[in-house]
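Participant: Right, I'll just put the structure down here and ask away after.
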Amino acid sequence: MAVEVEVADELHRLRARMPQLTGALAAGADGLVLAQDMPDVPPEGLAALTAAALGVGRRMVDLAARGDFRELLVRGADGYLATYAAGPTAVLTLLADDRVNVGRLHLEGRRCGARIAELMAARSADERPFGAGGGRFPPPRAGDRIQGALPLRIPPQSRHRP
């Protein structure tokens with residue numbers, strides 16, 4: 001089963017456990033949607049903003065020397081938006097109405113984020129490219145060009161010396 005389907009199932013189970021949730025979104029740290037259960041909000045825009053918030057949150061906790069980013073909670077007039085780290089490559093965002101028990105929101109969001117992190121880790125271990133004959137590709141050597149990668153452009157250095 002594809003990891004996106006498993007993540008979507010996890011989001012549906014989370015929303016079934018917490019009826020106060022109005023939406024759930026799992027996205028990559030790059031801002032692309034992995035899975036979503038959000039009937040009223042465009043998921044692509046929220047995923048991109050979530051990735052930006054993740055970057056800002058990571059930078060803030062790094063600058064304040066508070067360890068790794070864990071979560072971010074935003075409260076609006078009509079409810080909450082909670083973002084949880086889901087391993088190094090994914091993020092979980094939950095939308096909840098203003099009647100939600102915030103403690104339970106954190107408990108369920110942290111559990112779901114940890115489960116998504118497990119699914120993503122299994123994906124990265126299972127979905128490595130295979131070479132001819134079923135073997136793994138050898139690691140690239142120094143100077144090898146990776147297929148599909150854009151060439152690196154190094155700007156020319158100025159010959160002017162101040």
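Within each chain, counting starts at residue 1; across the structure tokens, chains are named A, B, ... in the order shown, with ligands numbered 1 upward in that order.
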Could you give me the residues within segment 46-85 of chain A that DSSP places in helix (DSSP H, G or I), as a list in words?
Facilitator: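 Answer for segment 46-85 of chain A, restricted to helix (DSSP H, G or I): Leu46, Ala47, Ala48, Leu49, Thr50, Ala51, Ala52, Ala53, Leu54, Gly55, Val56, Gly57, Arg58, Arg59, Met60, Val61, Asp62 and Leu63 of chain A.
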Participant: Counting only C-alpha atoms, what is within 12 Å of Met120 of chain A, bar same-chain residues fewer than 4 positions away, as a ChimeraX atom specification?
Facilitator: /A:2-7,26-29,34,86-91,113-116,124-127
Participant: Which polymer residues have any atom within 7 Å of an atom of Ala47 of chain A, counting only C-alpha atoms, with same-chain residues fewer than 2 positions away left out, as a list in words?
Facilitator: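 What passes the distance filter is Ala27, Gly31, Leu32, Val33, Pro43, Glu44, Gly45, Leu49, Thr50 and Ala51 of chain A.
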Participant: Write the residues of the selection above to a file with N, CA, C and O atoms, as a short mmCIF file (atom, residue, chain, number, x, y, z; two decimals), in the first residue's frame.
Facilitator:
data_model
loop_
_atom_site.label_atom_id
_atom_site.label_comp_id
_atom_site.auth_asym_id
_atom_site.auth_seq_id
_atom_site.Cartn_x
_atom_site.Cartn_y
_atom_site.Cartn_z
N ALA A 27 1.63 17.10 5.01
CA ALA A 27 2.39 17.65 3.89
C ALA A 27 3.87 17.35 4.09
O ALA A 27 4.32 17.11 5.22
N GLY A 31 6.28 21.49 1.27
CA GLY A 31 5.01 22.15 1.03
C GLY A 31 4.07 21.43 0.08
O GLY A 31 3.03 21.97 -0.29
N LEU A 32 4.40 20.20 -0.30
CA LEU A 32 3.52 19.42 -1.17
C LEU A 32 2.60 18.54 -0.33
O LEU A 32 3.03 17.95 0.66
N VAL A 33 1.34 18.42 -0.74
CA VAL A 33 0.34 17.66 0.01
C VAL A 33 0.65 16.17 -0.11
O VAL A 33 0.81 15.65 -1.21
N PRO A 43 -6.30 22.59 0.10
CA PRO A 43 -5.15 21.98 0.77
C PRO A 43 -3.80 22.44 0.24
O PRO A 43 -2.83 22.50 1.01
N GLU A 44 -3.70 22.78 -1.03
CA GLU A 44 -2.39 23.16 -1.59
C GLU A 44 -1.87 24.44 -0.97
O GLU A 44 -0.70 24.53 -0.62
N GLY A 45 -2.72 25.43 -0.81
CA GLY A 45 -2.31 26.69 -0.21
C GLY A 45 -1.93 26.52 1.25
O GLY A 45 -0.93 27.08 1.72
N LEU A 49 1.77 27.11 3.11
CA LEU A 49 1.91 27.97 4.29
C LEU A 49 2.39 27.17 5.51
O LEU A 49 3.15 27.68 6.33
N THR A 50 1.95 25.93 5.61
CA THR A 50 2.41 25.07 6.70
C THR A 50 3.91 24.83 6.61
O THR A 50 4.62 24.87 7.61
N ALA A 51 4.40 24.59 5.40
CA ALA A 51 5.85 24.39 5.22
C ALA A 51 6.61 25.66 5.59
O ALA A 51 7.68 25.59 6.21
#
Participant: Point out the residue among A:Leu95, A:Ala64, A:Ala117, A:Ala122 with the least atom-to-atom distance to Ala24 of chain A, counting only C-alpha atoms.
Facilitator: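 Checking each candidate against Ala24 of chain A, we get A:Leu95 as the closest.
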Participant: Mind checking DSSP for segment 6-103 of chain A and telling me the strand (DSSP E or B) residues as a PyMOL selection string?
Facilitator: chain A and resi 21-28+33-37+71-76+79-85+90-97
Participant: Can you tell me how far atom CA of Gly79 of chain A sits from atom CA of Glu118 of chain A, in Å to one decimal?
Facilitator: 28.7 Å
Participant: Give me, please, the distance in Å between atom CA of Leu119 of chain A and atom CA of Ala53 of chain A, quoted to one decimal.
Facilitator: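 Atom-to-atom, atom CA of Leu119 of chain A to atom CA of Ala53 of chain A, that is 22.4 Å.
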Participant: Write out as JSON, numbers by chain which residues come within 9 Å of Arg70 of chain A when counting only C-alpha atoms, dropping same-chain ones fewer than 3 positions away.
Facilitator: {"A": [57, 58, 67, 83, 84, 85, 86, 110]}
Participant: Give me a file of those residues, with N, CA and C atoms, as a PDB file, in the first residue's frame.
Facilitator:
ATOM      1  N   GLY A  57       9.199  28.137  12.414  1.00  0.00           N
ATOM      2  CA  GLY A  57       9.203  27.519  13.741  1.00  0.00           C
ATOM      3  C   GLY A  57      10.525  26.841  14.051  1.00  0.00           C
ATOM      4  N   ARG A  58      11.071  26.111  13.079  1.00  0.00           N
ATOM      5  CA  ARG A  58      12.376  25.463  13.282  1.00  0.00           C
ATOM      6  C   ARG A  58      13.458  26.500  13.536  1.00  0.00           C
ATOM      7  N   GLY A  67      15.916  23.267  21.261  1.00  0.00           N
ATOM      8  CA  GLY A  67      15.883  21.903  20.727  1.00  0.00           C
ATOM      9  C   GLY A  67      15.205  21.836  19.376  1.00  0.00           C
ATOM     10  N   THR A  83       0.027  22.780  14.196  1.00  0.00           N
ATOM     11  CA  THR A  83       1.000  22.165  13.303  1.00  0.00           C
ATOM     12  C   THR A  83       1.971  21.346  14.142  1.00  0.00           C
ATOM     13  N   TYR A  84       2.183  20.094  13.737  1.00  0.00           N
ATOM     14  CA  TYR A  84       3.054  19.173  14.460  1.00  0.00           C
ATOM     15  C   TYR A  84       4.108  18.614  13.514  1.00  0.00           C
ATOM     16  N   ALA A  85       5.341  18.546  13.994  1.00  0.00           N
ATOM     17  CA  ALA A  85       6.396  17.903  13.220  1.00  0.00           C
ATOM     18  C   ALA A  85       6.070  16.418  13.123  1.00  0.00           C
ATOM     19  N   ALA A  86       6.237  15.866  11.944  1.00  0.00           N
ATOM     20  CA  ALA A  86       6.003  14.435  11.716  1.00  0.00           C
ATOM     21  C   ALA A  86       7.286  13.845  11.140  1.00  0.00           C
ATOM     22  N   ARG A 110      -0.035  14.860  18.419  1.00  0.00           N
ATOM     23  CA  ARG A 110       1.313  14.304  18.622  1.00  0.00           C
ATOM     24  C   ARG A 110       1.359  12.833  18.247  1.00  0.00           C
TER      25      ARG A 110
END
Participant: Enter the distance from atom CA of Asp78 of chain A to atom CA of Val61 of chain A, in Å, rounded to one decimal.
Facilitator: 27.2 Å
Participant: In terms of the shortest atom-to-atom distance over only C-alpha atoms, which of A:Leu73, A:Met18, A:Leu92, A:Leu46 is closest to Cys112 of chain A?
Facilitator: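 Using only C-alpha atoms, the shortest distance to Cys112 of chain A belongs to A:Leu92.
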